[in-house]
>>> print(open('work03.cif').read())   # mmCIF, C-alpha atoms
data_target
loop_
_atom_site.label_atom_id
_atom_site.label_comp_id
_atom_site.auth_asym_id
_atom_site.auth_seq_id
_atom_site.Cartn_x
_atom_site.Cartn_y
_atom_site.Cartn_z
CA MET N 1 0.00 0.00 0.00
CA ALA N 2 2.33 2.74 -1.01
CA ALA N 3 2.53 5.86 -3.07
CA SER N 4 4.83 7.97 -0.98
CA GLN N 5 7.52 7.13 1.54
CA LEU N 6 6.30 7.51 5.12
CA VAL N 7 8.96 8.20 7.73
CA ALA N 8 8.12 7.66 11.37
CA SER N 9 10.31 10.51 12.55
CA SER N 10 8.58 13.13 10.41
CA PRO N 11 4.78 12.73 10.51
CA ALA N 12 2.73 13.91 7.58
CA PRO N 13 -0.96 14.79 7.30
CA PHE N 14 -3.31 11.82 7.15
CA PRO N 15 -3.53 10.74 3.51
CA THR N 16 -6.82 10.84 1.64
CA THR N 17 -6.36 7.22 0.56
CA LEU N 18 -4.81 4.10 2.01
CA GLN N 19 -2.84 2.17 -0.56
CA LEU N 20 -2.70 -1.57 -0.15
CA TYR N 21 -0.99 -4.36 -2.03
CA SER N 22 -2.74 -7.47 -3.18
CA SER N 23 -2.08 -9.80 -0.28
CA LEU N 24 -1.71 -7.44 2.67
CA ARG N 25 1.99 -6.83 2.35
CA PRO N 26 2.74 -3.92 4.71
CA SER N 27 5.90 -2.15 3.75
CA ILE N 28 7.56 1.19 4.36
CA LEU N 29 7.45 2.97 7.70
CA LEU N 30 4.57 3.34 10.10
CA SER N 31 4.15 6.51 12.05
CA SER N 32 4.49 6.05 15.77
CA SER N 33 0.87 7.03 16.23
CA PHE N 34 -0.37 4.71 13.46
CA SER N 35 -1.91 7.70 11.73
CA PHE N 36 -0.96 6.26 8.41
CA ILE N 37 0.11 2.91 7.11
CA LYS N 38 1.88 1.64 4.06
CA PHE N 39 1.47 -1.75 2.48
CA SER N 40 3.34 -3.53 -0.27
CA SER N 41 3.92 -6.91 -1.86
CA SER N 42 6.38 -9.26 -3.54
CA SER N 43 8.36 -12.51 -4.38
CA PHE N 44 11.71 -15.31 -3.61
CA SER N 45 14.84 -18.43 -4.53
CA SER N 46 16.80 -20.92 -2.53
CA SER N 47 19.89 -22.19 -0.91
CA SER N 48 20.65 -24.03 2.25
CA GLY N 49 23.77 -24.70 4.15
CA PHE N 50 22.79 -27.47 6.45
CA ARG N 51 20.09 -29.81 7.48
CA ILE N 52 16.77 -28.57 8.77
CA ALA N 53 13.57 -30.58 8.60
CA LEU N 54 11.83 -29.15 5.54
CA SER N 55 8.73 -29.70 3.50
CA SER N 56 8.45 -29.96 -0.27
CA ALA N 57 9.22 -27.37 -2.93
CA HIS N 58 7.73 -23.92 -2.87
CA SER N 59 4.66 -22.74 -4.73
CA PRO N 60 4.52 -20.41 -7.76
CA SER N 61 4.89 -16.68 -7.31
CA ARG N 62 1.84 -14.84 -6.24
CA ARG N 63 0.17 -12.31 -8.45
CA ILE N 64 0.70 -8.86 -7.00
CA ALA N 65 -1.14 -5.61 -7.56
CA LEU N 66 -0.95 -2.19 -5.98
CA ILE N 67 -4.33 -0.92 -4.99
CA CYS N 68 -5.69 2.45 -3.99
CA LEU N 69 -8.61 2.59 -1.56
CA SER N 70 -10.53 5.82 -1.93
CA SER N 71 -14.06 4.88 -0.89
CA ALA N 72 -15.95 2.92 1.73
CA ILE N 73 -16.24 -0.82 1.17
CA PRO N 74 -19.51 -2.67 1.78
CA GLN N 75 -19.59 -5.06 4.69
CA SER N 76 -20.71 -8.68 4.38
CA PRO N 77 -23.01 -10.60 6.69
CA LEU N 78 -21.72 -10.74 10.27
CA PHE N 79 -22.63 -13.84 12.27
CA GLY N 80 -25.65 -14.16 9.94
CA VAL N 81 -26.37 -10.41 9.95
CA LYS N 82 -26.04 -7.59 7.43
CA ASP N 83 -24.87 -4.03 7.97
CA SER N 84 -26.05 -2.60 11.30
CA THR N 85 -25.37 -5.04 14.11
CA LEU N 86 -25.72 -4.91 17.86
CA LEU N 87 -22.83 -6.47 19.70
CA ARG N 88 -23.65 -7.49 23.24
CA SER N 89 -20.89 -8.04 25.76
CA GLU N 90 -21.30 -8.20 29.52
CA GLY N 91 -24.87 -6.94 29.24
CA LYS N 92 -24.04 -3.82 27.23
CA ALA N 93 -25.26 -3.32 23.66
CA ILE N 94 -22.99 -1.47 21.26
CA GLU N 95 -24.11 -0.49 17.79
CA ALA N 96 -21.67 -1.20 14.97
CA ASN N 97 -22.61 0.77 11.86
CA THR N 98 -21.40 -0.25 8.42
CA THR N 99 -21.72 1.11 4.90
CA SER N 100 -23.49 -0.98 2.29
CA ASN N 101 -25.88 -0.96 -0.62
CA VAL N 102 -28.01 -3.75 0.83
CA ALA N 103 -31.06 -3.27 3.04
CA GLN N 104 -30.46 -2.38 6.68
CA SER N 105 -31.11 -4.98 9.37
CA SER N 106 -30.03 -5.55 12.94
CA THR N 107 -29.79 -8.27 15.53
CA VAL N 108 -27.99 -9.10 18.74
CA VAL N 109 -24.66 -10.94 18.55
CA THR N 110 -23.85 -12.54 21.87
CA ASP N 111 -20.45 -12.98 23.37
CA GLU N 112 -21.00 -16.74 23.18
CA ASN N 113 -21.78 -16.61 19.45
CA ALA N 114 -18.60 -14.69 18.71
CA LEU N 115 -16.47 -16.97 20.87
CA GLU N 116 -17.85 -20.08 19.20
CA TRP N 117 -17.27 -18.73 15.71
CA VAL N 118 -13.71 -17.60 16.42
CA LYS N 119 -12.92 -20.95 18.02
CA ASN N 120 -14.11 -22.85 14.94
CA ASP N 121 -12.60 -20.51 12.33
CA LYS N 122 -9.78 -22.12 10.37
CA ARG N 123 -6.76 -19.94 11.02
CA ARG N 124 -3.00 -20.16 10.78
CA MET N 125 -0.09 -17.73 10.88
CA LEU N 126 0.88 -16.94 7.27
CA HIS N 127 3.92 -14.68 7.45
CA VAL N 128 5.75 -12.06 9.49
CA VAL N 129 6.79 -8.73 7.95
CA TYR N 130 9.73 -6.50 8.81
CA ARG N 131 12.07 -3.98 7.18
CA VAL N 132 15.76 -4.35 6.36
CA GLY N 133 18.47 -1.98 5.17
CA ASP N 134 20.31 -4.24 2.69
CA LEU N 135 18.03 -6.81 1.09
CA ASP N 136 20.68 -8.79 -0.79
CA LYS N 137 22.89 -9.05 2.28
CA THR N 138 19.98 -10.26 4.39
CA ILE N 139 18.86 -12.81 1.79
CA LYS N 140 22.41 -14.15 1.60
CA PHE N 141 22.57 -14.53 5.39
CA TYR N 142 19.18 -16.27 5.64
CA THR N 143 19.84 -18.71 2.80
CA GLU N 144 23.50 -19.51 3.52
CA CYS N 145 23.44 -19.44 7.32
CA LEU N 146 19.87 -20.25 8.29
CA GLY N 147 19.07 -22.66 5.48
CA MET N 148 16.00 -20.80 4.23
CA LYS N 149 14.80 -20.70 0.64
CA LEU N 150 14.21 -17.51 -1.31
CA LEU N 151 10.60 -18.11 -2.35
CA ARG N 152 9.79 -14.91 -4.20
CA LYS N 153 11.21 -11.47 -4.84
CA ARG N 154 9.72 -8.40 -6.48
CA ASP N 155 11.00 -4.90 -7.12
CA ILE N 156 8.53 -2.02 -7.39
CA PRO N 157 10.70 0.89 -8.61
CA GLU N 158 7.79 3.30 -9.06
CA GLU N 159 6.99 2.87 -5.37
CA ARG N 160 10.65 2.69 -4.33
CA TYR N 161 10.65 -0.61 -2.48
CA THR N 162 11.52 -4.29 -2.94
CA ASN N 163 10.05 -7.32 -1.18
CA ALA N 164 11.48 -10.81 -0.66
CA PHE N 165 9.74 -13.84 0.85
CA LEU N 166 11.83 -16.51 2.54
CA GLY N 167 11.07 -19.66 4.46
CA TYR N 168 11.39 -23.41 4.78
CA GLY N 169 8.51 -24.44 2.52
CA PRO N 170 5.67 -23.20 0.28
CA GLU N 171 3.53 -20.30 1.45
CA ASP N 172 0.29 -22.25 1.27
CA SER N 173 1.45 -24.53 4.09
CA HIS N 174 4.34 -22.79 5.91
CA PHE N 175 4.92 -19.71 8.01
CA VAL N 176 7.33 -17.47 6.08
CA ILE N 177 9.23 -14.19 6.35
CA GLU N 178 8.52 -11.13 4.23
CA LEU N 179 11.44 -8.71 4.06
CA THR N 180 10.87 -5.15 2.84
CA TYR N 181 13.61 -2.87 1.56
CA ASN N 182 12.67 0.79 1.09
CA TYR N 183 14.95 2.63 -1.31
CA GLY N 184 17.53 4.78 0.42
CA ILE N 185 16.80 3.58 3.95
CA ASP N 186 19.67 1.48 5.28
CA LYS N 187 18.87 1.37 8.99
CA TYR N 188 15.84 0.86 11.21
CA ASP N 189 15.13 1.18 14.91
CA ILE N 190 14.08 -2.27 16.14
CA GLY N 191 12.92 -0.83 19.47
CA THR N 192 12.51 -2.67 22.76
CA GLY N 193 9.15 -4.36 22.16
CA PHE N 194 10.16 -6.86 19.51
CA GLY N 195 12.05 -9.83 20.96
CA HIS N 196 13.18 -12.45 18.46
CA PHE N 197 12.24 -15.06 15.89
CA GLY N 198 12.64 -18.74 16.72
CA ILE N 199 14.11 -21.42 14.45
CA ALA N 200 14.02 -25.14 15.33
CA VAL N 201 17.17 -26.99 14.27
CA GLU N 202 18.50 -30.48 14.85
CA ASP N 203 21.99 -29.33 15.86
CA VAL N 204 22.35 -25.87 17.40
CA MET N 205 26.14 -26.08 17.66
CA LYS N 206 26.45 -26.89 13.97
CA MET N 207 24.37 -23.89 12.97
CA VAL N 208 26.28 -21.58 15.31
CA ASP N 209 29.58 -22.76 13.80
CA LEU N 210 28.20 -22.03 10.33
CA VAL N 211 27.03 -18.56 11.35
CA LYS N 212 30.47 -17.79 12.77
CA ALA N 213 32.18 -19.10 9.61
CA LYS N 214 30.03 -16.75 7.52
CA GLY N 215 30.91 -13.77 9.71
CA GLY N 216 27.61 -13.69 11.58
CA LYS N 217 27.13 -12.47 15.13
CA VAL N 218 26.45 -14.93 17.97
CA THR N 219 25.05 -13.20 21.06
CA ARG N 220 24.48 -16.30 23.19
CA GLU N 221 26.59 -19.42 22.84
CA PRO N 222 24.84 -22.83 22.70
CA GLY N 223 23.75 -24.21 26.05
CA PRO N 224 20.70 -25.19 28.13
CA VAL N 225 17.95 -22.60 28.48
CA LYS N 226 17.80 -20.99 31.92
CA GLY N 227 15.75 -23.21 34.18
CA GLY N 228 15.43 -25.98 31.59
CA SER N 229 17.26 -28.51 29.45
CA THR N 230 16.55 -27.41 25.85
CA ILE N 231 19.75 -26.39 24.06
CA ILE N 232 19.46 -22.90 22.60
CA ALA N 233 21.64 -20.12 21.17
CA PHE N 234 21.01 -16.57 19.97
CA ILE N 235 22.32 -14.94 16.81
CA GLU N 236 21.71 -11.62 15.05
CA ASP N 237 21.08 -11.01 11.38
CA PRO N 238 22.77 -8.09 9.52
CA ASP N 239 20.07 -5.65 10.71
CA GLY N 240 20.23 -6.70 14.34
CA TYR N 241 17.07 -8.83 14.43
CA LYS N 242 17.61 -11.64 16.92
CA PHE N 243 17.00 -15.32 16.17
CA GLU N 244 16.74 -17.95 18.88
CA LEU N 245 17.99 -21.35 17.72
CA LEU N 246 16.17 -24.19 19.51
CA GLU N 247 17.47 -27.75 19.33
CA ARG N 248 14.53 -30.01 18.44
CA ASP N 249 13.65 -33.12 16.50
CA PRO N 250 12.72 -32.62 12.83
CA THR N 251 9.62 -30.45 12.46
CA PRO N 252 7.38 -29.46 9.54
CA GLU N 253 7.63 -25.81 10.68
CA PRO N 254 11.26 -24.81 11.44
CA LEU N 255 10.37 -21.09 11.54
CA CYS N 256 8.56 -21.66 14.80
CA GLN N 257 8.28 -18.49 16.92
CA VAL N 258 7.76 -14.75 16.97
CA MET N 259 8.41 -13.20 20.38
CA LEU N 260 6.78 -9.89 21.33
CA ARG N 261 6.79 -8.11 24.69
CA VAL N 262 3.52 -7.02 26.30
CA GLY N 263 2.59 -4.83 29.26
CA ASP N 264 -0.21 -6.96 30.73
CA LEU N 265 0.16 -10.68 30.07
CA GLU N 266 -3.25 -11.78 31.33
CA ARG N 267 -4.96 -9.11 29.22
CA SER N 268 -2.99 -10.24 26.15
CA ILE N 269 -3.70 -13.94 26.73
CA ASN N 270 -7.41 -13.20 27.07
CA PHE N 271 -7.40 -11.06 23.92
CA TYR N 272 -5.52 -13.55 21.74
CA LYS N 273 -7.72 -16.40 22.92
CA LYS N 274 -11.03 -14.64 22.36
CA ALA N 275 -10.34 -12.25 19.48
CA TYR N 276 -7.73 -14.25 17.55
CA GLY N 277 -8.88 -17.75 18.47
CA MET N 278 -5.42 -18.84 19.62
CA GLU N 279 -4.82 -21.46 22.26
CA LEU N 280 -2.72 -20.89 25.35
CA LEU N 281 -0.26 -23.71 24.70
CA ARG N 282 1.80 -23.17 27.82
CA LYS N 283 2.77 -20.52 30.34
CA ARG N 284 5.95 -20.28 32.40
CA ASP N 285 6.86 -17.86 35.17
CA ASN N 286 10.53 -17.17 35.89
CA PRO N 287 10.58 -15.18 39.15
CA GLU N 288 14.36 -15.49 39.39
CA TYR N 289 14.72 -13.50 36.18
CA LYS N 290 11.51 -11.49 36.67
CA TYR N 291 9.59 -12.42 33.55
CA THR N 292 6.71 -14.63 32.45
CA ILE N 293 6.07 -16.07 28.99
CA ALA N 294 2.92 -17.40 27.33
CA MET N 295 3.00 -19.44 24.12
CA MET N 296 -0.06 -18.78 21.93
CA GLY N 297 -0.93 -20.44 18.65
CA TYR N 298 -3.20 -22.52 16.43
CA GLY N 299 -1.63 -25.87 17.13
CA ALA N 300 1.14 -27.74 18.92
CA GLU N 301 4.51 -25.99 19.14
CA ASP N 302 6.38 -28.85 17.53
CA LYS N 303 4.30 -28.61 14.35
CA ASN N 304 3.21 -24.96 14.06
CA ALA N 305 4.55 -21.43 14.31
CA VAL N 306 3.53 -19.79 17.59
CA LEU N 307 3.46 -16.36 19.18
CA GLU N 308 5.56 -16.02 22.33
CA LEU N 309 4.28 -13.21 24.56
CA THR N 310 6.73 -12.02 27.20
CA TYR N 311 5.92 -9.95 30.27
CA ASN N 312 8.81 -8.40 32.18
CA TYR N 313 7.87 -7.62 35.77
CA GLY N 314 6.80 -4.00 36.17
CA VAL N 315 7.25 -2.98 32.51
CA LYS N 316 3.98 -1.74 31.01
CA GLU N 317 5.07 -0.10 27.75
CA TYR N 318 7.71 -0.65 25.07
CA ASP N 319 9.19 1.28 22.17
CA LYS N 320 8.13 -0.55 19.01
CA GLY N 321 10.65 1.19 16.74
CA ASN N 322 10.01 1.19 13.00
CA GLY N 323 11.56 -2.09 11.84
CA TYR N 324 9.12 -4.82 12.82
CA ALA N 325 5.75 -4.49 11.06
CA GLN N 326 3.18 -7.25 11.59
CA ILE N 327 1.97 -10.85 11.42
CA ALA N 328 -0.53 -12.01 8.79
CA ILE N 329 -3.17 -14.58 9.80
CA SER N 330 -5.68 -16.45 7.64
CA THR N 331 -9.42 -16.50 8.40
CA GLY N 332 -12.63 -17.83 6.93
CA ASP N 333 -14.39 -14.45 7.19
CA VAL N 334 -12.69 -11.07 7.64
CA TYR N 335 -15.98 -9.35 8.55
CA LYS N 336 -16.73 -11.63 11.49
CA THR N 337 -13.07 -11.49 12.48
CA ALA N 338 -13.13 -7.68 12.63
CA GLU N 339 -16.28 -7.62 14.77
CA ALA N 340 -14.88 -10.20 17.18
CA ILE N 341 -11.69 -8.16 17.50
CA LYS N 342 -13.72 -5.02 18.30
CA LEU N 343 -15.84 -6.96 20.78
CA TYR N 344 -12.78 -8.10 22.72
CA GLY N 345 -10.88 -4.82 22.91
CA GLY N 346 -8.87 -4.67 19.68
CA LYS N 347 -8.74 -1.72 17.30
CA ILE N 348 -9.57 -2.02 13.61
CA ILE N 349 -7.35 0.30 11.57
CA ARG N 350 -8.49 -1.01 8.18
CA GLU N 351 -12.13 -2.03 7.95
CA PRO N 352 -12.79 -5.45 6.41
CA GLY N 353 -13.48 -5.69 2.70
CA PRO N 354 -12.09 -6.66 -0.69
CA LEU N 355 -9.11 -4.94 -2.21
CA PRO N 356 -10.19 -3.28 -5.48
CA GLY N 357 -8.97 -5.05 -8.59
CA ILE N 358 -8.30 -8.49 -7.13
CA ASN N 359 -11.05 -8.80 -4.50
CA THR N 360 -8.79 -10.25 -1.80
CA LYS N 361 -10.57 -9.54 1.47
CA ILE N 362 -8.55 -8.33 4.45
CA THR N 363 -8.85 -6.44 7.70
CA VAL N 364 -6.06 -4.82 9.76
CA CYS N 365 -6.08 -4.50 13.54
CA LEU N 366 -4.08 -3.63 16.65
CA ASP N 367 -3.95 -5.67 19.84
CA PRO N 368 -4.17 -3.95 23.27
CA ASP N 369 -0.40 -3.25 23.17
CA GLY N 370 -0.52 -1.80 19.66
CA TRP N 371 0.99 -4.82 17.85
CA LYS N 372 -0.44 -5.01 14.35
CA SER N 373 -1.93 -8.03 12.59
CA VAL N 374 -3.54 -8.46 9.18
CA PHE N 375 -6.24 -11.07 8.63
CA VAL N 376 -6.70 -12.35 5.07
CA ASP N 377 -9.50 -14.48 3.65
CA ASN N 378 -8.47 -18.14 3.33
CA VAL N 379 -10.00 -18.75 -0.09
CA ASP N 380 -8.72 -15.48 -1.54
CA PHE N 381 -5.20 -16.20 -0.26
CA LEU N 382 -5.10 -19.58 -1.98
CA LYS N 383 -6.50 -18.10 -5.20
CA GLU N 384 -3.68 -15.57 -5.25
CA LEU N 385 -1.10 -18.31 -4.80
CA GLU N 386 -2.56 -20.09 -7.82
#
>>> encode(input="work03.cif", output="structure tokens")
Amino acid sequence: MAASQLVASSPAPFPTTLQLYSSLRPSILLSSSFSFIKFSSSSFSSSSGFRIALSSAHSPSRRIALICLSSAIPQSPLFGVKDSTLLRSEGKAIEANTTSNVAQSSTVVTDENALEWVKNDKRRMLHVVYRVGDLDKTIKFYTECLGMKLLRKRDIPEERYTNAFLGYGPEDSHFVIELTYNYGIDKYDIGTGFGHFGIAVEDVMKMVDLVKAKGGKVTREPGPVKGGSTIIAFIEDPDGYKFELLERDPTPEPLCQVMLRVGDLERSINFYKKAYGMELLRKRDNPEYKYTIAMMGYGAEDKNAVLELTYNYGVKEYDKGNGYAQIAISTGDVYKTAEAIKLYGGKIIREPGPLPGINTKITVCLDPDGWKSVFVDNVDFLKELE
């Protein structure tokens, strides 16, 4: 979604249109107040340097289009309702108005109805998006040191950015990384809120030796995790993004974690369970080191990518910087997803609806800590991959 470069350090007036790319590819910089957003899109290749449990070959490149949203988009039925809907939570009715050409109607959507629908919605984490200062250097590091494949890459010179998608398998079945390079910007502030990405490997020491041989930075040597027995290590990519290497048996999803810090863990757990339909897979308190973690996701950790939420005792707010962007999640219905998110305390910053030209339906939201997610229609996502 991008016509002009947006720089977080120098806010501009709110644009008259929001520009979005075909499959919710946020790119460029977000203002610190989220007054404006920029989206983009793209493509990838391959190379690996050592053994990681992988799936089969990647899928064809996705068709990309740059779209300009300049008008309201009609809403679809919500929990069996059209347009004006009453959401009832804890005994309070809240009217949610929408714009549409169809006849007006209203009903009451209960908290139980929303919870049941979210719980049964077929969702998975699709990709994570962040910005880098030297795309070729980062691709080289990820393919040669981390064993990823370059799945797609696309340059958009008229919009002054390039995207690359990397991962350990095809996008229709694997969680992948979307890198964004904005012309002329060689450095980003990662901030204090983003933690790390997790990669499951069969031999942590072997990967660390490879990273060192390639000139990479190791910030934590291999060894047991504090308070446990799992062998881990930490490395940094060329832009300073941290990766935790976790020694595990072969897995279908080696890119296995995204860690974000939150100011109220119980609030976040409740939100991600109810609004996002994630399960609380496990929770661990570490009073000795004054932090607590909660693993949230759509399936078992050994087979799926998960979100690791970290609460550091007494810390309520974090600087999110301008490097990390968002996670994309699939859904069966973006309209119902948006209403459930509103019902449970999230903020919709892009109302649900189809992107003009390709009709891919998306909605964009913020969690209670301001972390952004994009939900994309399951069927539309697969059509684009075709």
>>> atom_distance(input="work03.cif", atom1="CA of Gly299 in chain N", atom2="CA of Tyr344 in chain N")
21.7 Å
>>> resolve_selection(input="work03.cif", expression="the PyMOL selection byres ((chain N and resi 362) around 9)", output="list in words")
Ser23, Leu24, Asp333, Val334, Tyr335, Arg350, Glu351, Pro352, Gly353, Pro354, Leu355, Thr360, Lys361, Thr363, Val364, Val374, Phe375, Val376 and Asp377 of chain N
>>> resolve_selection(input="work03.cif", expression="the PyMOL selection byres ((chain N and resi 226) around 12)", output="list in words")
Arg220, Pro222, Gly223, Pro224, Val225, Gly227, Gly228, Ser229, Thr230, Ile231, Ile232, Ala233, Arg284, Asp285, Asn286, Pro287, Glu288, Tyr289 and Tyr291 of chain N
>>> atom_distance(input="work03.cif", atom1="CA of Phe197 in chain N", atom2="CA of Gln257 in chain N")
5.3 Å
>>> residues_near_point(input="work03.cif", point="(-11.0, 0.2, 13.1)", cutoff="12 Å", atoms="all atoms listed in the file", output="PDB file with C-alpha atoms, in the frame of the given file")
ATOM      1  CA  PHE N  34      -0.370   4.710  13.460  1.00  0.00           C
ATOM      2  CA  SER N  35      -1.910   7.700  11.730  1.00  0.00           C
ATOM      3  CA  ALA N  96     -21.670  -1.200  14.970  1.00  0.00           C
ATOM      4  CA  ASN N  97     -22.610   0.770  11.860  1.00  0.00           C
ATOM      5  CA  THR N  98     -21.400  -0.250   8.420  1.00  0.00           C
ATOM      6  CA  TYR N 335     -15.980  -9.350   8.550  1.00  0.00           C
ATOM      7  CA  THR N 337     -13.070 -11.490  12.480  1.00  0.00           C
ATOM      8  CA  ALA N 338     -13.130  -7.680  12.630  1.00  0.00           C
ATOM      9  CA  GLU N 339     -16.280  -7.620  14.770  1.00  0.00           C
ATOM     10  CA  ALA N 340     -14.880 -10.200  17.180  1.00  0.00           C
ATOM     11  CA  ILE N 341     -11.690  -8.160  17.500  1.00  0.00           C
ATOM     12  CA  LYS N 342     -13.720  -5.020  18.300  1.00  0.00           C
ATOM     13  CA  LEU N 343     -15.840  -6.960  20.780  1.00  0.00           C
ATOM     14  CA  GLY N 345     -10.880  -4.820  22.910  1.00  0.00           C
ATOM     15  CA  GLY N 346      -8.870  -4.670  19.680  1.00  0.00           C
ATOM     16  CA  LYS N 347      -8.740  -1.720  17.300  1.00  0.00           C
ATOM     17  CA  ILE N 348      -9.570  -2.020  13.610  1.00  0.00           C
ATOM     18  CA  ILE N 349      -7.350   0.300  11.570  1.00  0.00           C
ATOM     19  CA  ARG N 350      -8.490  -1.010   8.180  1.00  0.00           C
ATOM     20  CA  GLU N 351     -12.130  -2.030   7.950  1.00  0.00           C
ATOM     21  CA  PRO N 352     -12.790  -5.450   6.410  1.00  0.00           C
ATOM     22  CA  THR N 363      -8.850  -6.440   7.700  1.00  0.00           C
ATOM     23  CA  VAL N 364      -6.060  -4.820   9.760  1.00  0.00           C
ATOM     24  CA  CYS N 365      -6.080  -4.500  13.540  1.00  0.00           C
ATOM     25  CA  LEU N 366      -4.080  -3.630  16.650  1.00  0.00           C
ATOM     26  CA  ASP N 367      -3.950  -5.670  19.840  1.00  0.00           C
ATOM     27  CA  LYS N 372      -0.440  -5.010  14.350  1.00  0.00           C
TER      28      LYS N 372
END
>>> atom_distance(input="work03.cif", atom1="CA of Tyr276 in chain N", atom2="CA of Ser330 in chain N")
10.4 Å
>>> residues_around(input="work03.cif", residues="Tyr168 in chain N", least_positions_apart="6", cutoff="8 Å", atoms="all atoms listed in the file", output="PDB file with C-alpha atoms, in the coordinates of the input")
ATOM      1  CA  LEU N  54      11.830 -29.150   5.540  1.00  0.00           C
ATOM      2  CA  SER N  55       8.730 -29.700   3.500  1.00  0.00           C
ATOM      3  CA  GLY N 147      19.070 -22.660   5.480  1.00  0.00           C
ATOM      4  CA  MET N 148      16.000 -20.800   4.230  1.00  0.00           C
ATOM      5  CA  LYS N 149      14.800 -20.700   0.640  1.00  0.00           C
ATOM      6  CA  HIS N 174       4.340 -22.790   5.910  1.00  0.00           C
ATOM      7  CA  VAL N 176       7.330 -17.470   6.080  1.00  0.00           C
ATOM      8  CA  GLU N 253       7.630 -25.810  10.680  1.00  0.00           C
ATOM      9  CA  PRO N 254      11.260 -24.810  11.440  1.00  0.00           C
ATOM     10  CA  LEU N 255      10.370 -21.090  11.540  1.00  0.00           C
TER      11      LEU N 255
END
>>> resolve_selection(input="work03.cif", expression="the PyMOL selection byres ((chain N and resi 199) around 10)", output="PyMOL selection string")
chain N and resi 52+146+196-198+200-201+204+232+243-248+253-258+305
>>> closest_residue(input="work03.cif", among="N:Tyr181, N:Tyr318, N:Tyr298, N:Tyr313", to="Asp121 in chain N", atoms="all atoms listed in the file")
N:Tyr298
>>> closest_residue(input="work03.cif", among="N:Met259, N:Val379, N:Met296, N:Val132", to="Phe271 in chain N", atoms="all atoms listed in the file")
N:Met296
>>> closest_residue(input="work03.cif", among="N:Met205, N:Tyr241, N:Asn182, N:Glu159", to="Tyr142 in chain N", atoms="only C-alpha atoms")
N:Tyr241
>>> closest_residue(input="work03.cif", among="N:Lys336, N:Cys145, N:Phe234, N:Val129", to="Glu116 in chain N", atoms="only C-alpha atoms")
N:Lys336
>>> closest_residue(input="work03.cif", among="N:Glu171, N:Asp186, N:Glu317, N:Glu112", to="Val262 in chain N", atoms="only C-alpha atoms")
N:Glu317
>>> residues_around(input="work03.cif", residues="Ile327 in chain N", least_positions_apart="3", cutoff="6 Å", atoms="only C-alpha atoms", output="list in words")
His127, Val128 and Ser373 of chain N
>>> closest_residue(input="work03.cif", among="N:Phe141, N:Gly277, N:Gly216, N:Ile358", to="Glu384 in chain N", atoms="all atoms listed in the file")
N:Ile358
>>> residues_around(input="work03.cif", residues="Asp136 in chain N", least_positions_apart="6", cutoff="12 Å", atoms="all atoms listed in the file", output="mmCIF file with C-alpha atoms, in the frame of the given file")
data_model
loop_
_atom_site.group_PDB
_atom_site.id
_atom_site.type_symbol
_atom_site.label_atom_id
_atom_site.label_comp_id
_atom_site.auth_asym_id
_atom_site.auth_seq_id
_atom_site.Cartn_x
_atom_site.Cartn_y
_atom_site.Cartn_z
ATOM 1 C CA PHE N 44 11.710 -15.310 -3.610
ATOM 2 C CA SER N 45 14.840 -18.430 -4.530
ATOM 3 C CA TYR N 142 19.180 -16.270 5.640
ATOM 4 C CA THR N 143 19.840 -18.710 2.800
ATOM 5 C CA GLU N 144 23.500 -19.510 3.520
ATOM 6 C CA LEU N 150 14.210 -17.510 -1.310
ATOM 7 C CA LYS N 153 11.210 -11.470 -4.840
ATOM 8 C CA THR N 162 11.520 -4.290 -2.940
ATOM 9 C CA ASN N 163 10.050 -7.320 -1.180
ATOM 10 C CA ALA N 164 11.480 -10.810 -0.660
ATOM 11 C CA LEU N 179 11.440 -8.710 4.060
ATOM 12 C CA THR N 180 10.870 -5.150 2.840
ATOM 13 C CA TYR N 181 13.610 -2.870 1.560
ATOM 14 C CA ASP N 186 19.670 1.480 5.280
ATOM 15 C CA PRO N 238 22.770 -8.090 9.520
ATOM 16 C CA ASP N 239 20.070 -5.650 10.710
#
